[in-house]
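J.: The structure file run_39.pdb (PDB, C-alpha atoms) is provided below.
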ATOM      1  CA  MET A  10      -9.304 -75.718   4.816
ATOM      2  CA  ASN A  11      -9.202 -79.101   3.129
ATOM      3  CA  ALA A  12      -5.971 -80.552   1.766
ATOM      4  CA  MET A  13      -7.039 -80.005  -1.832
ATOM      5  CA  THR A  14      -7.118 -76.223  -1.683
ATOM      6  CA  THR A  15      -5.325 -74.892  -4.761
ATOM      7  CA  ALA A  16      -3.475 -71.589  -4.958
ATOM      8  CA  LEU A  17      -1.507 -69.603  -7.512
ATOM      9  CA  VAL A  18       1.178 -67.180  -6.355
ATOM     10  CA  THR A  19       2.701 -64.818  -8.923
ATOM     11  CA  GLY A  20       6.259 -63.516  -8.732
ATOM     12  CA  ALA A  21       7.164 -66.428  -6.472
ATOM     13  CA  ASN A  22      10.697 -67.525  -7.315
ATOM     14  CA  LYS A  23      12.153 -65.670  -4.299
ATOM     15  CA  GLY A  24      11.394 -63.396  -1.371
ATOM     16  CA  LEU A  25       7.840 -62.904  -0.195
ATOM     17  CA  GLY A  26       6.377 -64.928  -3.044
ATOM     18  CA  ARG A  27       8.493 -67.998  -2.422
ATOM     19  CA  GLU A  28       7.897 -67.824   1.317
ATOM     20  CA  THR A  29       4.155 -67.552   0.695
ATOM     21  CA  VAL A  30       4.299 -70.663  -1.499
ATOM     22  CA  ARG A  31       6.252 -72.525   1.183
ATOM     23  CA  ARG A  32       3.826 -71.625   3.943
ATOM     24  CA  LEU A  33       0.744 -72.474   1.905
ATOM     25  CA  GLY A  34       2.362 -75.729   0.858
ATOM     26  CA  GLU A  35       2.905 -76.590   4.502
ATOM     27  CA  LEU A  36      -0.850 -76.263   4.995
ATOM     28  CA  GLY A  37      -1.237 -79.193   2.631
ATOM     29  CA  TRP A  38      -2.344 -77.062  -0.308
ATOM     30  CA  GLN A  39      -1.500 -77.585  -3.944
ATOM     31  CA  VAL A  40       0.414 -74.452  -4.927
ATOM     32  CA  PHE A  41       1.390 -73.186  -8.355
ATOM     33  CA  LEU A  42       4.613 -71.188  -8.112
ATOM     34  CA  GLY A  43       4.435 -68.609 -10.882
ATOM     35  CA  ALA A  44       7.628 -66.869 -11.973
ATOM     36  CA  ARG A  45       8.948 -65.094 -15.060
ATOM     37  CA  ASP A  46      12.519 -66.272 -14.446
ATOM     38  CA  ALA A  47      12.305 -69.906 -15.534
ATOM     39  CA  GLU A  48      15.638 -70.969 -14.047
ATOM     40  CA  ARG A  49      14.961 -69.510 -10.609
ATOM     41  CA  GLY A  50      11.342 -70.592 -10.705
ATOM     42  CA  LYS A  51      12.201 -74.198 -11.520
ATOM     43  CA  ARG A  52      14.875 -74.256  -8.831
ATOM     44  CA  ALA A  53      12.489 -72.886  -6.208
ATOM     45  CA  GLY A  54       9.784 -75.326  -7.256
ATOM     46  CA  VAL A  55      12.132 -78.299  -7.082
ATOM     47  CA  GLU A  56      13.489 -77.265  -3.680
ATOM     48  CA  LEU A  57      10.000 -76.943  -2.217
ATOM     49  CA  ALA A  58       8.788 -80.168  -3.818
ATOM     50  CA  GLU A  59      11.847 -82.002  -2.452
ATOM     51  CA  ALA A  60      10.820 -80.711   0.975
ATOM     52  CA  GLY A  61       7.623 -82.704   0.577
ATOM     53  CA  LEU A  62       5.343 -79.875  -0.503
ATOM     54  CA  ASN A  63       2.797 -80.096  -3.319
ATOM     55  CA  VAL A  64       4.361 -77.260  -5.311
ATOM     56  CA  GLU A  65       4.567 -76.949  -9.087
ATOM     57  CA  PHE A  66       6.456 -74.276 -10.996
ATOM     58  CA  VAL A  67       4.551 -72.613 -13.825
ATOM     59  CA  PRO A  68       6.292 -70.135 -16.146
ATOM     60  CA  LEU A  69       4.332 -66.913 -15.780
ATOM     61  CA  ASP A  70       5.155 -63.467 -17.078
ATOM     62  CA  VAL A  71       2.322 -61.385 -15.643
ATOM     63  CA  THR A  72       2.841 -58.707 -18.292
ATOM     64  CA  SER A  73       2.105 -61.200 -21.097
ATOM     65  CA  THR A  74      -1.493 -62.170 -21.849
ATOM     66  CA  GLU A  75      -0.200 -65.232 -23.713
ATOM     67  CA  SER A  76       1.779 -66.381 -20.681
ATOM     68  CA  ILE A  77      -1.194 -65.842 -18.390
ATOM     69  CA  ALA A  78      -3.472 -67.785 -20.741
ATOM     70  CA  ALA A  79      -0.998 -70.680 -20.883
ATOM     71  CA  VAL A  80      -1.085 -71.037 -17.096
ATOM     72  CA  GLY A  81      -4.864 -70.786 -17.124
ATOM     73  CA  ALA A  82      -5.010 -73.658 -19.601
ATOM     74  CA  ARG A  83      -2.954 -75.857 -17.253
ATOM     75  CA  ALA A  84      -5.036 -75.236 -14.136
ATOM     76  CA  SER A  85      -8.251 -77.195 -13.674
ATOM     77  CA  ALA A  86      -9.174 -75.581 -10.343
ATOM     78  CA  LEU A  87      -8.213 -72.560  -8.277
ATOM     79  CA  ASP A  88      -9.347 -71.506  -4.822
ATOM     80  CA  VAL A  89      -6.858 -68.755  -4.027
ATOM     81  CA  LEU A  90      -5.132 -66.218  -6.266
ATOM     82  CA  ILE A  91      -2.269 -64.205  -4.797
ATOM     83  CA  ASN A  92      -1.135 -61.330  -7.006
ATOM     84  CA  ASN A  93       2.329 -60.878  -5.559
ATOM     85  CA  ALA A  94       4.477 -59.955  -8.573
ATOM     86  CA  GLY A  95       5.686 -56.373  -8.418
ATOM     87  CA  ILE A  96       8.607 -54.101  -9.203
ATOM     88  CA  SER A  97       9.887 -50.922  -7.602
ATOM     89  CA  GLY A  98      11.106 -49.165 -10.690
ATOM     90  CA  ALA A  99      13.837 -46.545 -10.521
ATOM     91  CA  PHE A 100      13.855 -44.238  -7.521
ATOM     92  CA  HIS A 101      14.061 -40.648  -8.737
ATOM     93  CA  ALA A 102      13.194 -37.522  -6.792
ATOM     94  CA  PRO A 103       9.595 -36.541  -7.586
ATOM     95  CA  GLU A 104      10.728 -33.370  -9.320
ATOM     96  CA  ASP A 105      12.978 -35.447 -11.597
ATOM     97  CA  THR A 106      10.363 -38.094 -12.412
ATOM     98  CA  ARG A 107       8.909 -38.275 -15.907
ATOM     99  CA  ALA A 108       5.850 -40.065 -17.261
ATOM    100  CA  THR A 109       8.062 -42.737 -18.807
ATOM    101  CA  ASP A 110       9.178 -43.739 -15.308
ATOM    102  CA  PHE A 111       5.638 -44.911 -14.564
ATOM    103  CA  ARG A 112       5.040 -47.228 -17.487
ATOM    104  CA  ALA A 113       6.933 -50.386 -16.521
ATOM    105  CA  VAL A 114       5.889 -50.047 -12.877
ATOM    106  CA  PHE A 115       2.206 -49.718 -13.701
ATOM    107  CA  GLU A 116       2.442 -52.524 -16.270
ATOM    108  CA  THR A 117       3.551 -54.953 -13.555
ATOM    109  CA  ASN A 118       1.961 -53.524 -10.401
ATOM    110  CA  VAL A 119      -1.410 -52.381 -11.731
ATOM    111  CA  PHE A 120      -2.280 -53.722 -15.174
ATOM    112  CA  ALA A 121      -0.905 -57.225 -14.575
ATOM    113  CA  PRO A 122      -3.022 -57.985 -11.467
ATOM    114  CA  VAL A 123      -6.101 -56.999 -13.459
ATOM    115  CA  GLU A 124      -5.153 -59.261 -16.372
ATOM    116  CA  VAL A 125      -4.283 -62.184 -14.103
ATOM    117  CA  THR A 126      -7.437 -61.781 -12.037
ATOM    118  CA  HIS A 127      -9.622 -61.547 -15.134
ATOM    119  CA  ALA A 128      -8.066 -64.692 -16.578
ATOM    120  CA  PHE A 129      -8.649 -66.757 -13.446
ATOM    121  CA  LEU A 130     -12.101 -65.513 -12.479
ATOM    122  CA  PRO A 131     -13.862 -68.477 -14.148
ATOM    123  CA  LEU A 132     -11.903 -70.947 -11.996
ATOM    124  CA  LEU A 133     -12.360 -68.829  -8.875
ATOM    125  CA  ARG A 134     -16.102 -68.573  -9.469
ATOM    126  CA  ALA A 135     -16.247 -72.372  -9.550
ATOM    127  CA  ALA A 136     -14.493 -72.631  -6.170
ATOM    128  CA  THR A 137     -16.391 -73.104  -2.909
ATOM    129  CA  GLN A 138     -14.490 -70.401  -1.016
ATOM    130  CA  PRO A 139     -12.628 -68.226  -3.532
ATOM    131  CA  ARG A 140     -10.099 -65.706  -2.243
ATOM    132  CA  ILE A 141      -7.968 -63.072  -3.950
ATOM    133  CA  VAL A 142      -5.039 -61.403  -2.203
ATOM    134  CA  MET A 143      -3.430 -58.323  -3.734
ATOM    135  CA  VAL A 144       0.048 -57.773  -2.317
ATOM    136  CA  SER A 145       0.154 -54.025  -1.802
ATOM    137  CA  SER A 146       2.368 -51.892   0.458
ATOM    138  CA  GLY A 147       2.058 -49.389   3.265
ATOM    139  CA  MET A 148       3.614 -46.994   0.769
ATOM    140  CA  GLY A 149       0.313 -47.074  -1.086
ATOM    141  CA  SER A 150      -1.578 -45.714   1.913
ATOM    142  CA  LEU A 151      -2.291 -41.973   1.790
ATOM    143  CA  THR A 152      -2.806 -41.981   5.557
ATOM    144  CA  ILE A 153       0.398 -43.810   6.437
ATOM    145  CA  THR A 154       2.624 -41.911   4.004
ATOM    146  CA  SER A 155       1.251 -38.617   5.363
ATOM    147  CA  ASP A 156       2.209 -39.521   8.939
ATOM    148  CA  PRO A 157       5.668 -38.074   9.772
ATOM    149  CA  ALA A 158       6.037 -40.689  12.503
ATOM    150  CA  ARG A 159       6.030 -43.466   9.906
ATOM    151  CA  LEU A 160       9.071 -44.552   7.900
ATOM    152  CA  GLU A 161       6.920 -44.611   4.761
ATOM    153  CA  SER A 162       6.525 -40.832   4.909
ATOM    154  CA  ALA A 163      10.231 -40.350   4.200
ATOM    155  CA  LEU A 164      10.323 -42.569   1.106
ATOM    156  CA  LEU A 165       9.433 -40.431  -1.905
ATOM    157  CA  ASN A 166       8.703 -42.278  -5.123
ATOM    158  CA  LEU A 167       5.943 -41.297  -7.511
ATOM    159  CA  PRO A 168       5.580 -44.454  -9.654
ATOM    160  CA  TYR A 169       5.761 -47.173  -6.991
ATOM    161  CA  THR A 170       3.636 -45.484  -4.339
ATOM    162  CA  SER A 171       0.932 -44.450  -6.796
ATOM    163  CA  SER A 172       0.884 -47.943  -8.315
ATOM    164  CA  LYS A 173       0.114 -49.440  -4.914
ATOM    165  CA  SER A 174      -2.560 -46.804  -4.241
ATOM    166  CA  ALA A 175      -4.116 -47.763  -7.572
ATOM    167  CA  LEU A 176      -3.949 -51.446  -6.634
ATOM    168  CA  ASN A 177      -5.730 -50.654  -3.372
ATOM    169  CA  MET A 178      -8.638 -49.070  -5.225
ATOM    170  CA  ILE A 179      -8.719 -51.979  -7.653
ATOM    171  CA  THR A 180      -8.970 -54.314  -4.663
ATOM    172  CA  SER A 181     -11.866 -52.331  -3.229
ATOM    173  CA  GLN A 182     -13.686 -52.314  -6.560
ATOM    174  CA  TYR A 183     -13.282 -56.063  -7.087
ATOM    175  CA  ALA A 184     -14.524 -56.754  -3.559
ATOM    176  CA  ARG A 185     -17.758 -54.891  -4.228
ATOM    177  CA  ALA A 186     -18.205 -56.424  -7.674
ATOM    178  CA  LEU A 187     -17.508 -59.984  -6.475
ATOM    179  CA  PRO A 188     -19.483 -60.425  -3.237
ATOM    180  CA  GLY A 189     -19.037 -64.203  -3.343
ATOM    181  CA  MET A 190     -15.273 -63.837  -3.002
ATOM    182  CA  ARG A 191     -12.979 -62.549  -0.280
ATOM    183  CA  VAL A 192     -10.839 -59.895  -1.975
ATOM    184  CA  ASN A 193      -8.296 -58.022   0.154
ATOM    185  CA  ALA A 194      -5.009 -56.125   0.006
ATOM    186  CA  ALA A 195      -2.009 -57.091   2.137
ATOM    187  CA  ASP A 196       0.801 -54.835   3.331
ATOM    188  CA  PRO A 197       3.797 -57.100   4.045
ATOM    189  CA  GLY A 198       5.571 -54.377   6.003
ATOM    190  CA  TYR A 199       9.266 -53.518   5.850
ATOM    191  CA  THR A 200      10.678 -56.978   5.212
ATOM    192  CA  ALA A 201      14.253 -57.959   4.399
ATOM    193  CA  THR A 202      14.193 -58.887   0.701
ATOM    194  CA  ASP A 203      16.125 -58.172  -2.495
ATOM    195  CA  PHE A 204      13.491 -55.500  -3.101
ATOM    196  CA  ASN A 205      15.071 -53.238  -0.464
ATOM    197  CA  GLY A 206      18.591 -54.616  -0.381
ATOM    198  CA  HIS A 207      17.635 -56.675   2.700
ATOM    199  CA  ALA A 208      17.349 -53.496   4.751
ATOM    200  CA  GLY A 209      13.934 -54.427   6.144
ATOM    201  CA  TYR A 210      13.635 -55.327   9.810
ATOM    202  CA  GLN A 211      11.026 -58.082   9.404
ATOM    203  CA  THR A 212      11.737 -61.693   8.524
ATOM    204  CA  LEU A 213      10.172 -63.274   5.455
ATOM    205  CA  THR A 214       7.796 -65.182   7.706
ATOM    206  CA  GLU A 215       6.648 -61.962   9.363
ATOM    207  CA  GLY A 216       6.350 -60.307   5.967
ATOM    208  CA  THR A 217       4.033 -63.013   4.689
ATOM    209  CA  ASP A 218       1.821 -63.191   7.791
ATOM    210  CA  ALA A 219      -0.879 -60.915   6.363
ATOM    211  CA  ILE A 220      -0.794 -62.629   2.971
ATOM    212  CA  VAL A 221      -1.162 -66.110   4.448
ATOM    213  CA  THR A 222      -3.908 -64.989   6.850
ATOM    214  CA  LEU A 223      -5.941 -63.443   4.021
ATOM    215  CA  ALA A 224      -5.368 -66.506   1.848
ATOM    216  CA  GLN A 225      -7.034 -68.673   4.497
ATOM    217  CA  LEU A 226     -10.146 -66.573   5.082
ATOM    218  CA  GLY A 227     -13.431 -68.390   5.412
ATOM    219  CA  PRO A 228     -16.683 -67.308   3.739
ATOM    220  CA  ASP A 229     -17.497 -65.005   6.672
ATOM    221  CA  GLY A 230     -14.097 -63.310   6.603
ATOM    222  CA  PRO A 231     -13.564 -59.678   5.641
ATOM    223  CA  THR A 232     -13.532 -58.489   2.051
ATOM    224  CA  GLY A 233     -12.527 -55.167   0.547
ATOM    225  CA  GLY A 234     -10.017 -54.541   3.337
ATOM    226  CA  TYR A 235      -6.381 -53.530   3.700
ATOM    227  CA  PHE A 236      -4.333 -55.434   6.292
ATOM    228  CA  ASP A 237      -0.843 -55.849   7.682
ATOM    229  CA  ARG A 238       0.221 -58.600  10.071
ATOM    230  CA  GLU A 239      -1.357 -56.753  13.023
ATOM    231  CA  GLY A 240      -4.764 -56.251  11.398
ATOM    232  CA  PRO A 241      -6.606 -53.558   9.414
ATOM    233  CA  ILE A 242      -4.660 -50.486   8.300
ATOM    234  CA  PRO A 243      -5.916 -47.157   6.893
ATOM    235  CA  TRP A 244      -6.226 -46.485   3.212
TER     236      TRP A 244
END
As structure tokens, please, write out the structure in this file.

T.:
Amino acid sequence: MNAMTTALVTGANKGLGRETVRRLGELGWQVFLGARDAERGKRAGVELAEAGLNVEFVPLDVTSTESIAAVGARASALDVLINNAGISGAFHAPEDTRATDFRAVFETNVFAPVEVTHAFLPLLRAATQPRIVMVSSGMGSLTITSDPARLESALLNLPYTSSKSALNMITSQYARALPGMRVNAADPGYTATDFNGHAGYQTLTEGTDAIVTLAQLGPDGPTGGYFDREGPIPW
């Protein structure tokens, strides 16, 4: 990849998003660090820029079409879009879950990636090697969550798991509709972040391996796939 590759990472003020920005910046890319929390986002952007990386913080609330449009107006080019922003929502037993428990989770995990992707498609279409990475989860895999040997099978949560399953299908649909782009879903794996109270056994670098690999795909790379750091995983 040339040094002028430009990427946008959403939800990037900490955790997997920030680590993704750092790693892409170390490749010599120009990276927009999108975050809803302006204070944390600015701090992360400054820290990475002071480390010599070409990183710029952009205020981005992925649930706001106005915020998305404002970022789109600032960007003149985009090669890689990484839809990383996501929330877990409240963890209730399935039998205690109500429809209202889904709304905020789907707003961020499902509707927002569609809005962000739609907004940046014109810039991506103008790129030589456009790539879109949807940050999903193994908890969105029907196969993995049905396997009693997998940790994911013991984690019961209707809103979060179904939101990631929906994102997987969205990824597949985009890949078929946009044959000139590489569009894939990444499962970071069980990584130590605020998301899980740092209970995960993977480091942030390990958790971003699949994301960074998919972000660097060439024109002959896979599209419409679902990958963790070891390779393809089942839907």

J.: Return the single residue from A:Val125, A:Ile141, A:Ile220, A:Ala53 that is closest to Ala78 in chain A, with distances computed using all atoms listed in the file.

T.: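 With all atoms listed in the file as the atom set, the closest residue is A:Val125.
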
J.: For the atom pair CA of Val40 in chain A and CA of Tyr235 in chain A, what is the interatomic distance in Å to one decimal place?

T.: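 Value for the CA of Val40 in chain A-CA of Tyr235 in chain A distance: 23.6 Å.
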
J.: So, with all atoms listed in the file as the atoms that count, which of A:Ala135, A:Leu90, A:Val114, A:Leu213 lies closest to Arg191 in chain A?

T.: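 Result for the nearest residue to Arg191 in chain A: A:Leu90.
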
J.: Rounded to one decimal place, report the CA of Ala219 in chain A-CA of Arg83 in chain A distance in Å.

T.: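 That distance, rounded to one decimal, is 28.0 Å.
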
J.: Quick check, in Å to one decimal: how far apart do CA of Val192 in chain A and CA of Leu165 in chain A lie?

T.: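 Interatomic distance here is 28.1 Å.
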
J.: Starting from the displayed file, determine the output of the PyMOL selection byres ((chain A and resi 86) around 10) and express the residue list as a ChimeraX atom specification.

T.: /A:13-16,81,83-85,87-89,129,131-136

J.: List the neighbours of Val55 in chain A out to 9 Å using all atoms listed in the file; skip same-chain residues closer than 3 positions along the sequence, and give me the result as a PDB file with C-alpha atoms, keeping the file's coordinate frame.

T.:
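Below is the file around16.pdb, written as the result:
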ATOM      1  CA  GLY A  50      11.342 -70.592 -10.705  1.00  0.00           C
ATOM      2  CA  LYS A  51      12.201 -74.198 -11.520  1.00  0.00           C
ATOM      3  CA  ARG A  52      14.875 -74.256  -8.831  1.00  0.00           C
ATOM      4  CA  ALA A  58       8.788 -80.168  -3.818  1.00  0.00           C
ATOM      5  CA  GLU A  59      11.847 -82.002  -2.452  1.00  0.00           C
ATOM      6  CA  ALA A  60      10.820 -80.711   0.975  1.00  0.00           C
ATOM      7  CA  VAL A  64       4.361 -77.260  -5.311  1.00  0.00           C
ATOM      8  CA  GLU A  65       4.567 -76.949  -9.087  1.00  0.00           C
ATOM      9  CA  PHE A  66       6.456 -74.276 -10.996  1.00  0.00           C
TER      10      PHE A  66
END

J.: On this file, the PyMOL selection byres ((chain A and resi 27) around 10) gives some set of residues; write that set as a PDB file with C-alpha atoms, keeping the file's coordinate frame.

T.:
ATOM      1  CA  VAL A  18       1.178 -67.180  -6.355  1.00  0.00           C
ATOM      2  CA  THR A  19       2.701 -64.818  -8.923  1.00  0.00           C
ATOM      3  CA  GLY A  20       6.259 -63.516  -8.732  1.00  0.00           C
ATOM      4  CA  ALA A  21       7.164 -66.428  -6.472  1.00  0.00           C
ATOM      5  CA  ASN A  22      10.697 -67.525  -7.315  1.00  0.00           C
ATOM      6  CA  LYS A  23      12.153 -65.670  -4.299  1.00  0.00           C
ATOM      7  CA  GLY A  24      11.394 -63.396  -1.371  1.00  0.00           C
ATOM      8  CA  LEU A  25       7.840 -62.904  -0.195  1.00  0.00           C
ATOM      9  CA  GLY A  26       6.377 -64.928  -3.044  1.00  0.00           C
ATOM     10  CA  GLU A  28       7.897 -67.824   1.317  1.00  0.00           C
ATOM     11  CA  THR A  29       4.155 -67.552   0.695  1.00  0.00           C
ATOM     12  CA  VAL A  30       4.299 -70.663  -1.499  1.00  0.00           C
ATOM     13  CA  ARG A  31       6.252 -72.525   1.183  1.00  0.00           C
ATOM     14  CA  ARG A  32       3.826 -71.625   3.943  1.00  0.00           C
ATOM     15  CA  LEU A  33       0.744 -72.474   1.905  1.00  0.00           C
ATOM     16  CA  LEU A  42       4.613 -71.188  -8.112  1.00  0.00           C
ATOM     17  CA  GLY A  43       4.435 -68.609 -10.882  1.00  0.00           C
ATOM     18  CA  ALA A  44       7.628 -66.869 -11.973  1.00  0.00           C
ATOM     19  CA  GLY A  50      11.342 -70.592 -10.705  1.00  0.00           C
ATOM     20  CA  ALA A  53      12.489 -72.886  -6.208  1.00  0.00           C
ATOM     21  CA  GLY A  54       9.784 -75.326  -7.256  1.00  0.00           C
ATOM     22  CA  LEU A  57      10.000 -76.943  -2.217  1.00  0.00           C
ATOM     23  CA  ASN A  93       2.329 -60.878  -5.559  1.00  0.00           C
ATOM     24  CA  LEU A 213      10.172 -63.274   5.455  1.00  0.00           C
ATOM     25  CA  THR A 217       4.033 -63.013   4.689  1.00  0.00           C
TER      26      THR A 217
END

J.: Can you rebuild range 101-111 of chain A with all heavy atoms and give it as a PDB file, in the frame of the given file?

T.:
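That gives us result.pdb:
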ATOM      1  N   HIS A 101      13.639 -42.006  -8.428  1.00  0.00           N
ATOM      2  CA  HIS A 101      14.061 -40.648  -8.737  1.00  0.00           C
ATOM      3  C   HIS A 101      13.326 -39.698  -7.807  1.00  0.00           C
ATOM      4  O   HIS A 101      12.218 -39.998  -7.338  1.00  0.00           O
ATOM      5  CB  HIS A 101      13.711 -40.282 -10.182  1.00  0.00           C
ATOM      6  CG  HIS A 101      14.351 -41.164 -11.209  1.00  0.00           C
ATOM      7  ND1 HIS A 101      15.708 -41.316 -11.313  1.00  0.00           N
ATOM      8  CD2 HIS A 101      13.803 -41.928 -12.182  1.00  0.00           C
ATOM      9  CE1 HIS A 101      15.984 -42.149 -12.305  1.00  0.00           C
ATOM     10  NE2 HIS A 101      14.843 -42.543 -12.852  1.00  0.00           N
ATOM     11  N   ALA A 102      13.910 -38.553  -7.545  1.00  0.00           N
ATOM     12  CA  ALA A 102      13.194 -37.522  -6.792  1.00  0.00           C
ATOM     13  C   ALA A 102      11.936 -37.155  -7.571  1.00  0.00           C
ATOM     14  O   ALA A 102      11.945 -37.152  -8.807  1.00  0.00           O
ATOM     15  CB  ALA A 102      14.080 -36.293  -6.610  1.00  0.00           C
ATOM     16  N   PRO A 103      10.834 -36.877  -6.879  1.00  0.00           N
ATOM     17  CA  PRO A 103       9.595 -36.541  -7.586  1.00  0.00           C
ATOM     18  C   PRO A 103       9.765 -35.468  -8.655  1.00  0.00           C
ATOM     19  O   PRO A 103       9.211 -35.575  -9.753  1.00  0.00           O
ATOM     20  CB  PRO A 103       8.666 -36.087  -6.459  1.00  0.00           C
ATOM     21  CG  PRO A 103       9.111 -36.895  -5.289  1.00  0.00           C
ATOM     22  CD  PRO A 103      10.611 -36.954  -5.423  1.00  0.00           C
ATOM     23  N   GLU A 104      10.575 -34.457  -8.349  1.00  0.00           N
ATOM     24  CA  GLU A 104      10.728 -33.370  -9.320  1.00  0.00           C
ATOM     25  C   GLU A 104      11.526 -33.797 -10.556  1.00  0.00           C
ATOM     26  O   GLU A 104      11.500 -33.111 -11.586  1.00  0.00           O
ATOM     27  CB  GLU A 104      11.398 -32.160  -8.661  1.00  0.00           C
ATOM     28  CG  GLU A 104      12.806 -32.397  -8.142  1.00  0.00           C
ATOM     29  CD  GLU A 104      12.847 -32.867  -6.693  1.00  0.00           C
ATOM     30  OE1 GLU A 104      11.849 -33.467  -6.236  1.00  0.00           O
ATOM     31  OE2 GLU A 104      13.870 -32.623  -6.027  1.00  0.00           O
ATOM     32  N   ASP A 105      12.212 -34.946 -10.458  1.00  0.00           N
ATOM     33  CA  ASP A 105      12.978 -35.447 -11.597  1.00  0.00           C
ATOM     34  C   ASP A 105      12.275 -36.603 -12.312  1.00  0.00           C
ATOM     35  O   ASP A 105      12.816 -37.176 -13.264  1.00  0.00           O
ATOM     36  CB  ASP A 105      14.360 -35.931 -11.127  1.00  0.00           C
ATOM     37  CG  ASP A 105      15.210 -34.801 -10.573  1.00  0.00           C
ATOM     38  OD1 ASP A 105      15.090 -33.672 -11.082  1.00  0.00           O
ATOM     39  OD2 ASP A 105      15.983 -35.054  -9.621  1.00  0.00           O
ATOM     40  N   THR A 106      11.096 -36.958 -11.849  1.00  0.00           N
ATOM     41  CA  THR A 106      10.363 -38.094 -12.412  1.00  0.00           C
ATOM     42  C   THR A 106       9.584 -37.669 -13.657  1.00  0.00           C
ATOM     43  O   THR A 106       8.966 -36.606 -13.678  1.00  0.00           O
ATOM     44  CB  THR A 106       9.393 -38.665 -11.361  1.00  0.00           C
ATOM     45  OG1 THR A 106      10.150 -39.079 -10.209  1.00  0.00           O
ATOM     46  CG2 THR A 106       8.636 -39.858 -11.905  1.00  0.00           C
ATOM     47  N   ARG A 107       9.631 -38.531 -14.663  1.00  0.00           N
ATOM     48  CA  ARG A 107       8.909 -38.275 -15.907  1.00  0.00           C
ATOM     49  C   ARG A 107       7.841 -39.354 -16.088  1.00  0.00           C
ATOM     50  O   ARG A 107       7.859 -40.404 -15.444  1.00  0.00           O
ATOM     51  CB  ARG A 107       9.882 -38.307 -17.094  1.00  0.00           C
ATOM     52  CG  ARG A 107      11.067 -37.341 -16.966  1.00  0.00           C
ATOM     53  CD  ARG A 107      10.626 -35.893 -16.996  1.00  0.00           C
ATOM     54  NE  ARG A 107      10.037 -35.562 -18.292  1.00  0.00           N
ATOM     55  CZ  ARG A 107      10.739 -35.162 -19.356  1.00  0.00           C
ATOM     56  NH1 ARG A 107      12.062 -35.057 -19.275  1.00  0.00           N
ATOM     57  NH2 ARG A 107      10.127 -34.876 -20.490  1.00  0.00           N
ATOM     58  N   ALA A 108       6.932 -39.108 -17.010  1.00  0.00           N
ATOM     59  CA  ALA A 108       5.850 -40.065 -17.261  1.00  0.00           C
ATOM     60  C   ALA A 108       6.389 -41.438 -17.663  1.00  0.00           C
ATOM     61  O   ALA A 108       5.810 -42.473 -17.310  1.00  0.00           O
ATOM     62  CB  ALA A 108       4.921 -39.527 -18.345  1.00  0.00           C
ATOM     63  N   THR A 109       7.503 -41.452 -18.380  1.00  0.00           N
ATOM     64  CA  THR A 109       8.062 -42.737 -18.807  1.00  0.00           C
ATOM     65  C   THR A 109       8.489 -43.601 -17.624  1.00  0.00           C
ATOM     66  O   THR A 109       8.539 -44.830 -17.741  1.00  0.00           O
ATOM     67  CB  THR A 109       9.288 -42.520 -19.719  1.00  0.00           C
ATOM     68  OG1 THR A 109      10.227 -41.655 -19.054  1.00  0.00           O
ATOM     69  CG2 THR A 109       8.882 -41.888 -21.039  1.00  0.00           C
ATOM     70  N   ASP A 110       8.772 -42.977 -16.492  1.00  0.00           N
ATOM     71  CA  ASP A 110       9.178 -43.739 -15.308  1.00  0.00           C
ATOM     72  C   ASP A 110       8.027 -44.573 -14.742  1.00  0.00           C
ATOM     73  O   ASP A 110       8.255 -45.515 -13.982  1.00  0.00           O
ATOM     74  CB  ASP A 110       9.697 -42.794 -14.218  1.00  0.00           C
ATOM     75  CG  ASP A 110      10.953 -42.050 -14.639  1.00  0.00           C
ATOM     76  OD1 ASP A 110      11.832 -42.686 -15.248  1.00  0.00           O
ATOM     77  OD2 ASP A 110      11.051 -40.837 -14.382  1.00  0.00           O
ATOM     78  N   PHE A 111       6.806 -44.210 -15.093  1.00  0.00           N
ATOM     79  CA  PHE A 111       5.638 -44.911 -14.564  1.00  0.00           C
ATOM     80  C   PHE A 111       5.291 -46.178 -15.338  1.00  0.00           C
ATOM     81  O   PHE A 111       4.681 -47.087 -14.782  1.00  0.00           O
ATOM     82  CB  PHE A 111       4.409 -43.988 -14.621  1.00  0.00           C
ATOM     83  CG  PHE A 111       4.366 -42.931 -13.561  1.00  0.00           C
ATOM     84  CD1 PHE A 111       5.173 -41.809 -13.646  1.00  0.00           C
ATOM     85  CD2 PHE A 111       3.503 -43.032 -12.486  1.00  0.00           C
ATOM     86  CE1 PHE A 111       5.134 -40.816 -12.687  1.00  0.00           C
ATOM     87  CE2 PHE A 111       3.452 -42.039 -11.521  1.00  0.00           C
ATOM     88  CZ  PHE A 111       4.261 -40.937 -11.620  1.00  0.00           C
TER      89      PHE A 111
END
